[in-house]
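Engineer: Have a look at this one.
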Amino acid sequence: MDRREMLEALGFGAAGLLGLAGRRQDASAAEYARATKGLPPLKITDVRAILTAPQGIRLCVVKVETSEPGLYGLGCATFNQRPLTVVTAVNEYLRPFAKGRDAENIEDMWQNAYTSSYWRNGPVLNNALSGLDQALWDIKGKRANMPVYQLVGGKCRFAVDCYTHCGGGTLAQVEESVRRAMERGFRHIRIQRGGYGSPHLSKQADFKEAGFGAPVDSNMEVRPYVKGTLEMFEHIRHTCGDDVELLHDIHERIPPIEAINLVKRLEQYRPFFIEDPFSPEDIGYFKLLRQQTCVPIAMGELYNNPHEWVGLMSERLIDFIRVHISQIGGFSVARKIAALGEWFNVRSAWHGPGDVSPVGHAANAHLDLAIWNFGIQEAVSFNEKTREVFPGAPTIEKGYMHIHEAPGWGVDIDETLAAKFPLPEHPGYWEPVRRPDGTAVRP
Ligand code: MG
């Protein structure tokens with residue numbers, strides 16, 4: 001007896017069974033519509049990457065369109081150093097993967113898109129995935145007619161406290177920069193003496209005289225940077241007072257044991273946090289650092305693999321988790337990191353430089369508003385062109401970031417205007433930094 005004969009013997013026609021499946025689908029669609037006050041199921045109809053550089057920075061935003069006319073979402077996929085690789089990952093791989101799939105089950109989409117390449121956790125694929133993930137959260141917010149922070153629990157604070165960047169080549173210039181930021185209302189200020197690692201304090205590079213490397217390569221010595229940074233903290237505490245919160249980014253520019261020594265010596269100036277003491281390759285040094293000093297540590301903008309942050313957080317080796325949300329795979333991952341941090345009292349300090357799009361800054365801010373263990377947010381200043389390309393970009397007032405209160409992220413993109421700001425000709429490499437003998441320095 002074949003399958004059809006068996007079904008007929010049991011009193012079901014095969015056509016009858018198919019009809020039953022169809023009726024079940026209709027019934028479940030009707031139940032869904034009742035539960036969602038008349039909304040039909042939502043499918044993804046297109047996924048594409050948009051590049052623009054209104055501030056000279058290579059921004060990448062992913063737009064996801066749906067079966068509901070006019071309903072789309074935006075997500076940040078900005079990888080300033082390799083933007084075209086992200087465009088390929090989105091347009092050539094994520095688009096065919098996501099098209100026709102359900103736009104509503106964000107976690108399910110994330111899990112399956114994540115493993116759709118089999119190999120995973122790299123910056124290109126994570127940024128592409130973030131674009132899709134954040135766009136789906138934007139869509140969910142728009143559909144629910146709520147800002148995304150409402151979907152994840154509502155507000156824990158009225159606005160997002162931020163730190164801003166101050167610096168200068170001389171101590172007087174750093175001081176002047178700090179005073180101006182304090183006048184603008186910032187309570188948290190990151191101070192740097194010149195560029196990362198204070199290369200201007202280093203002597204003439206021997207490698208250049210020897211004709212080693214390229215003329216654009218810069219030179220950075222350990223000792224002048226360490227001495228200059230200690231002098232800067234001493235000067236700013238002396239001239240700007242004890243109340244202002246001071247931050248500093250080592251940017252992994254010195255050997256780990258030198259970083260431990262520097263952080264210990266900075267303890268007397270009560271920094272709010274010291275950022276990125278060690279390269280991702282030197283994670284094992286955090287235990288040694290913790291045994292030597294209680295200076296708060298912020299870490300993580302280069303991380304893209306959960307193994308890089310889970311141990312540091314659960315072993316209480318850092319105080320602020322500072323991942324770049326698009327680089328770890330998006331808002332969905334950042335929410336989980338925040339939840340993990342709550343139980344170890346590791347606070348958030350999401351990476352928020354110029355090479356995060358206004359959509360990405362809004363995603364940072366929505367999460368900052370909704371989580372209990374928010375720490376601080378890196379402030380960004382958009383120029384007028386960026387604000388025109390991205391209507392609804394977050395704003396900063398008296399050191400607080402405010403989102404545009406609207407459904408989803410509250411940020412849109414003017415694609416016609418975006419196309420008027422093509423990427424700069426320079427591909428956007430992170431330029432080499434060397435020791436005097438020419439040895440490459442890792443950021
Ligand atoms: Mg940094």
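Going by the structure tokens order, chains are called A, B, ..., each with residues numbered from 1, while ligands are numbered from 1 in the order shown.
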Could I get the residue neighbourhood of ligand 1 at 10 Å, counting only C-alpha atoms and all ligand atoms, as a list in words?

Structural biologist: Tyr196, His248, Asp249, Ile250, His251, Glu252, Ile274, Glu275, Asp276, Pro277, Ala298, Met299, Gly300, Glu301, Leu302, Arg322, Val323, His324, His351, Gly352, Pro353, Glu378 and Pro443 of chain A

Engineer: Residues near Thr115 in chain A, anyone? I mean within 12 Å using only C-alpha atoms, not counting same-chain ones fewer than 6 positions away, as a VMD selection string.

Structural biologist: chain A and resid 94 97 108 to 109 121 to 122 125 to 126 129 329

Engineer: What's the separation between CA of Trp110 in chain A and CA of Gln81 in chain A, in Å to one decimal place?

Structural biologist: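 Here the two named atoms are 24.1 Å from each other.
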
Engineer: Can you pull out the residues contacting Ile139 in chain A? Cut-off 7 Å, using only C-alpha atoms, and skip same-chain residues under 2 positions away; I want them as a list in words.

Structural biologist: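 Within the cut-off, the hits are Leu71, Tyr72, Gly73, Ala135, Leu136, Trp137, Gly141, Lys142, Arg143 and Gly408 of chain A.
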
Engineer: Once you have the residues from the selection above, write them out as a PDB file, in the first residue's frame, restricted to N, CA and C atoms.

Structural biologist:
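Output file selection30.pdb is given in full below:
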```pdb
ATOM      1  N   LEU A  71       7.808  50.472   4.079  1.00  0.00           N
ATOM      2  CA  LEU A  71       8.411  50.087   5.371  1.00  0.00           C
ATOM      3  C   LEU A  71       9.804  49.508   5.138  1.00  0.00           C
ATOM      4  N   TYR A  72      10.828  50.235   5.601  1.00  0.00           N
ATOM      5  CA  TYR A  72      12.206  49.772   5.478  1.00  0.00           C
ATOM      6  C   TYR A  72      12.944  50.089   6.774  1.00  0.00           C
ATOM      7  N   GLY A  73      14.116  49.484   6.895  1.00  0.00           N
ATOM      8  CA  GLY A  73      14.946  49.746   8.072  1.00  0.00           C
ATOM      9  C   GLY A  73      16.371  50.036   7.665  1.00  0.00           C
ATOM     10  N   ALA A 135      18.922  46.999  10.918  1.00  0.00           N
ATOM     11  CA  ALA A 135      17.802  47.381  10.040  1.00  0.00           C
ATOM     12  C   ALA A 135      16.521  46.658  10.462  1.00  0.00           C
ATOM     13  N   LEU A 136      16.652  45.400  10.887  1.00  0.00           N
ATOM     14  CA  LEU A 136      15.453  44.654  11.320  1.00  0.00           C
ATOM     15  C   LEU A 136      14.886  45.231  12.625  1.00  0.00           C
ATOM     16  N   TRP A 137      15.770  45.700  13.519  1.00  0.00           N
ATOM     17  CA  TRP A 137      15.283  46.374  14.748  1.00  0.00           C
ATOM     18  C   TRP A 137      14.584  47.683  14.389  1.00  0.00           C
ATOM     19  N   GLY A 141      10.699  48.518  15.236  1.00  0.00           N
ATOM     20  CA  GLY A 141      10.276  49.743  15.930  1.00  0.00           C
ATOM     21  C   GLY A 141       9.246  50.517  15.131  1.00  0.00           C
ATOM     22  N   LYS A 142       9.488  50.653  13.833  1.00  0.00           N
ATOM     23  CA  LYS A 142       8.549  51.401  12.993  1.00  0.00           C
ATOM     24  C   LYS A 142       7.193  50.704  12.948  1.00  0.00           C
ATOM     25  N   ARG A 143       7.250  49.380  12.896  1.00  0.00           N
ATOM     26  CA  ARG A 143       5.996  48.625  12.838  1.00  0.00           C
ATOM     27  C   ARG A 143       5.221  48.730  14.144  1.00  0.00           C
ATOM     28  N   GLY A 408      11.436  53.300  15.585  1.00  0.00           N
ATOM     29  CA  GLY A 408      12.701  52.725  15.102  1.00  0.00           C
ATOM     30  C   GLY A 408      13.870  53.449  15.730  1.00  0.00           C
TER      31      GLY A 408
END
```

Engineer: Residues of range 268-430 of chain A in alpha helix (DSSP H) according to DSSP, as a PyMOL selection string?

Structural biologist: chain A and resi 286-292+306-314+331-342+358-370+384-389+415-418

Engineer: Just N, CA and C atoms for this one: save the residues we selected as a compact mmCIF listing (two decimals), in the first residue's frame.

Structural biologist:
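Below you can see part-v4.txt, which holds the result:
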```
# COMPACT_ATOMS: atom_id res chain seq x y z
N PHE A 286 45.77 41.18 31.23
CA PHE A 286 44.80 41.88 32.09
C PHE A 286 44.85 41.41 33.54
N LYS A 287 45.09 40.11 33.76
CA LYS A 287 45.16 39.60 35.13
C LYS A 287 46.31 40.27 35.87
N LEU A 288 47.43 40.42 35.20
CA LEU A 288 48.60 41.04 35.84
C LEU A 288 48.33 42.51 36.14
N LEU A 289 47.63 43.17 35.24
CA LEU A 289 47.30 44.59 35.44
C LEU A 289 46.41 44.75 36.67
N ARG A 290 45.40 43.89 36.77
CA ARG A 290 44.43 43.99 37.87
C ARG A 290 45.10 43.78 39.23
N GLN A 291 46.14 42.94 39.26
CA GLN A 291 46.84 42.69 40.52
C GLN A 291 47.65 43.91 40.96
N GLN A 292 47.91 44.82 40.03
CA GLN A 292 48.82 45.94 40.31
C GLN A 292 48.13 47.26 40.60
N PRO A 306 33.45 36.58 20.53
CA PRO A 306 33.00 36.52 21.94
C PRO A 306 34.09 36.04 22.90
N HIS A 307 35.01 35.22 22.43
CA HIS A 307 36.06 34.73 23.33
C HIS A 307 36.97 35.86 23.80
N GLU A 308 36.92 36.98 23.10
CA GLU A 308 37.76 38.11 23.51
C GLU A 308 37.15 38.86 24.70
N TRP A 309 35.82 38.88 24.81
CA TRP A 309 35.24 39.68 25.89
C TRP A 309 34.63 38.87 27.04
N VAL A 310 34.18 37.65 26.77
CA VAL A 310 33.45 36.91 27.82
C VAL A 310 34.32 36.71 29.06
N GLY A 311 35.55 36.25 28.89
CA GLY A 311 36.43 36.01 30.04
C GLY A 311 36.81 37.30 30.76
N LEU A 312 37.12 38.33 29.99
CA LEU A 312 37.50 39.61 30.61
C LEU A 312 36.38 40.15 31.49
N MET A 313 35.13 39.95 31.04
CA MET A 313 33.99 40.46 31.81
C MET A 313 33.68 39.54 32.99
N SER A 314 33.59 38.25 32.73
CA SER A 314 33.17 37.34 33.81
C SER A 314 34.24 37.19 34.89
N PHE A 331 23.25 45.20 17.08
CA PHE A 331 22.51 45.54 18.30
C PHE A 331 22.14 44.29 19.10
N SER A 332 21.77 43.22 18.41
CA SER A 332 21.36 41.99 19.11
C SER A 332 22.49 41.46 19.98
N VAL A 333 23.73 41.51 19.47
CA VAL A 333 24.88 41.01 20.24
C VAL A 333 25.17 41.97 21.39
N ALA A 334 25.12 43.27 21.12
CA ALA A 334 25.43 44.26 22.15
C ALA A 334 24.47 44.16 23.33
N ARG A 335 23.21 43.88 23.05
CA ARG A 335 22.23 43.68 24.15
C ARG A 335 22.67 42.55 25.06
N LYS A 336 23.17 41.47 24.45
CA LYS A 336 23.59 40.31 25.25
C LYS A 336 24.84 40.65 26.05
N ILE A 337 25.75 41.41 25.46
CA ILE A 337 26.95 41.83 26.18
C ILE A 337 26.56 42.69 27.37
N ALA A 338 25.62 43.59 27.16
CA ALA A 338 25.17 44.45 28.25
C ALA A 338 24.57 43.61 29.38
N ALA A 339 23.77 42.61 29.00
CA ALA A 339 23.15 41.75 30.03
C ALA A 339 24.21 40.96 30.78
N LEU A 340 25.20 40.46 30.07
CA LEU A 340 26.31 39.76 30.73
C LEU A 340 27.01 40.71 31.70
N GLY A 341 27.25 41.93 31.25
CA GLY A 341 27.97 42.91 32.07
C GLY A 341 27.24 43.25 33.35
N GLU A 342 25.90 43.23 33.31
CA GLU A 342 25.15 43.61 34.51
C GLU A 342 25.55 42.75 35.70
N PRO A 358 25.53 57.83 11.64
CA PRO A 358 24.50 58.33 12.56
C PRO A 358 23.49 57.24 12.96
N VAL A 359 23.25 56.29 12.06
CA VAL A 359 22.35 55.17 12.42
C VAL A 359 23.00 54.35 13.55
N GLY A 360 24.30 54.10 13.42
CA GLY A 360 25.03 53.35 14.45
C GLY A 360 25.08 54.11 15.77
N HIS A 361 25.28 55.43 15.71
CA HIS A 361 25.29 56.22 16.96
C HIS A 361 23.92 56.18 17.62
N ALA A 362 22.87 56.20 16.80
CA ALA A 362 21.52 56.10 17.38
C ALA A 362 21.34 54.75 18.05
N ALA A 363 21.84 53.67 17.41
CA ALA A 363 21.71 52.34 18.01
C ALA A 363 22.46 52.29 19.34
N ASN A 364 23.69 52.87 19.39
CA ASN A 364 24.42 52.96 20.66
C ASN A 364 23.55 53.64 21.71
N ALA A 365 22.97 54.79 21.33
CA ALA A 365 22.24 55.61 22.29
C ALA A 365 20.95 54.92 22.77
N HIS A 366 20.24 54.22 21.86
CA HIS A 366 19.03 53.51 22.29
C HIS A 366 19.38 52.46 23.35
N LEU A 367 20.51 51.78 23.14
CA LEU A 367 20.92 50.77 24.12
C LEU A 367 21.35 51.45 25.42
N ASP A 368 22.10 52.54 25.29
CA ASP A 368 22.53 53.30 26.48
C ASP A 368 21.34 53.71 27.34
N LEU A 369 20.25 54.09 26.67
CA LEU A 369 19.07 54.54 27.41
C LEU A 369 18.40 53.39 28.15
N ALA A 370 18.48 52.19 27.56
CA ALA A 370 17.65 51.09 28.07
C ALA A 370 18.33 50.18 29.07
N GLU A 384 27.27 69.58 9.23
CA GLU A 384 25.93 69.88 8.69
C GLU A 384 25.56 68.95 7.55
N LYS A 385 26.57 68.63 6.69
CA LYS A 385 26.29 67.75 5.54
C LYS A 385 25.82 66.38 6.03
N THR A 386 26.47 65.87 7.08
CA THR A 386 26.08 64.56 7.62
C THR A 386 24.65 64.61 8.15
N ARG A 387 24.32 65.70 8.82
CA ARG A 387 22.95 65.85 9.35
C ARG A 387 21.91 65.92 8.23
N GLU A 388 22.31 66.50 7.09
CA GLU A 388 21.36 66.58 5.97
C GLU A 388 21.19 65.20 5.31
N VAL A 389 22.29 64.46 5.21
CA VAL A 389 22.19 63.11 4.62
C VAL A 389 21.41 62.18 5.55
N GLU A 415 18.95 59.28 0.21
CA GLU A 415 19.86 58.54 -0.68
C GLU A 415 20.38 59.39 -1.83
N THR A 416 19.55 60.31 -2.31
CA THR A 416 19.99 61.18 -3.42
C THR A 416 21.15 62.05 -2.95
N LEU A 417 21.00 62.59 -1.75
CA LEU A 417 22.06 63.44 -1.20
C LEU A 417 23.29 62.60 -0.84
N ALA A 418 23.06 61.42 -0.29
CA ALA A 418 24.17 60.53 0.09
C ALA A 418 25.07 60.25 -1.11
```

Engineer: One decimal, Å: what's the distance from CA of Gly211 in chain A over to CA of Gly438 in chain A, could you say?

Structural biologist: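 Computed distance, CA of Gly211 in chain A to CA of Gly438 in chain A, equals 9.9 Å.
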
Engineer: I'd like to know which of A:Val295, A:Leu247, A:Lys140, A:Thr239 is closest to Arg265 in chain A, using only C-alpha atoms.

Structural biologist: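 Comparing A:Val295, A:Leu247, A:Lys140, A:Thr239 against Arg265 in chain A, the winner is A:Val295.
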
Engineer: Distance CA of Val64 in chain A-CA of Gly100 in chain A, one decimal place?

Structural biologist: 11.5 Å

Engineer: Which residues are near Glu176 in chain A? Cut-off 10 Å, only C-alpha atoms, ignore same chain within fewer than 5 positions. Put them as an MDAnalysis selection string.

Structural biologist: chainID A and resid 166:168 170:171 181:182 236 240

Engineer: Using only C-alpha atoms, can you tell me which of A:Thr164, A:Asn383, A:Gln268, A:Ser326 comes closest to Gly399 in chain A?

Structural biologist: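 Using only C-alpha atoms, Gly399 in chain A sits closest to A:Thr164.
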
Engineer: Can you work out which one of A:Thr293, A:Gln25, A:Thr66, A:Gln192 has the shortest atom-to-atom distance to Asp138 in chain A, counting only C-alpha atoms?

Structural biologist: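 Among the listed residues, A:Thr66 lies closest to Asp138 in chain A.
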
Engineer: Of the candidates A:Thr85, A:Ser348, A:Ser177, A:Asn261, which one gets nearest to Ile321 in chain A if we count only C-alpha atoms?

Structural biologist: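 Ranking A:Thr85, A:Ser348, A:Ser177, A:Asn261 by distance to Ile321 in chain A, first place goes to A:Ser348.
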
Engineer: With a distance cut-off of 6 Å and only C-alpha atoms, select the neighbouring residues of Ala128 in chain A, excluding the residue or stretch itself and same-chain residues fewer than 5 positions from it, and output the selection as a PyMOL selection string.

Structural biologist: chain A and resi 77+86+90

Engineer: Pick out the closest residue to Lys227 in chain A from this set: A:Gln327, A:Gln204, A:Ser198, A:Ser381. Count only C-alpha atoms.

Structural biologist: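 When distances to Lys227 in chain A are compared using only C-alpha atoms, the smallest one comes from A:Ser198.
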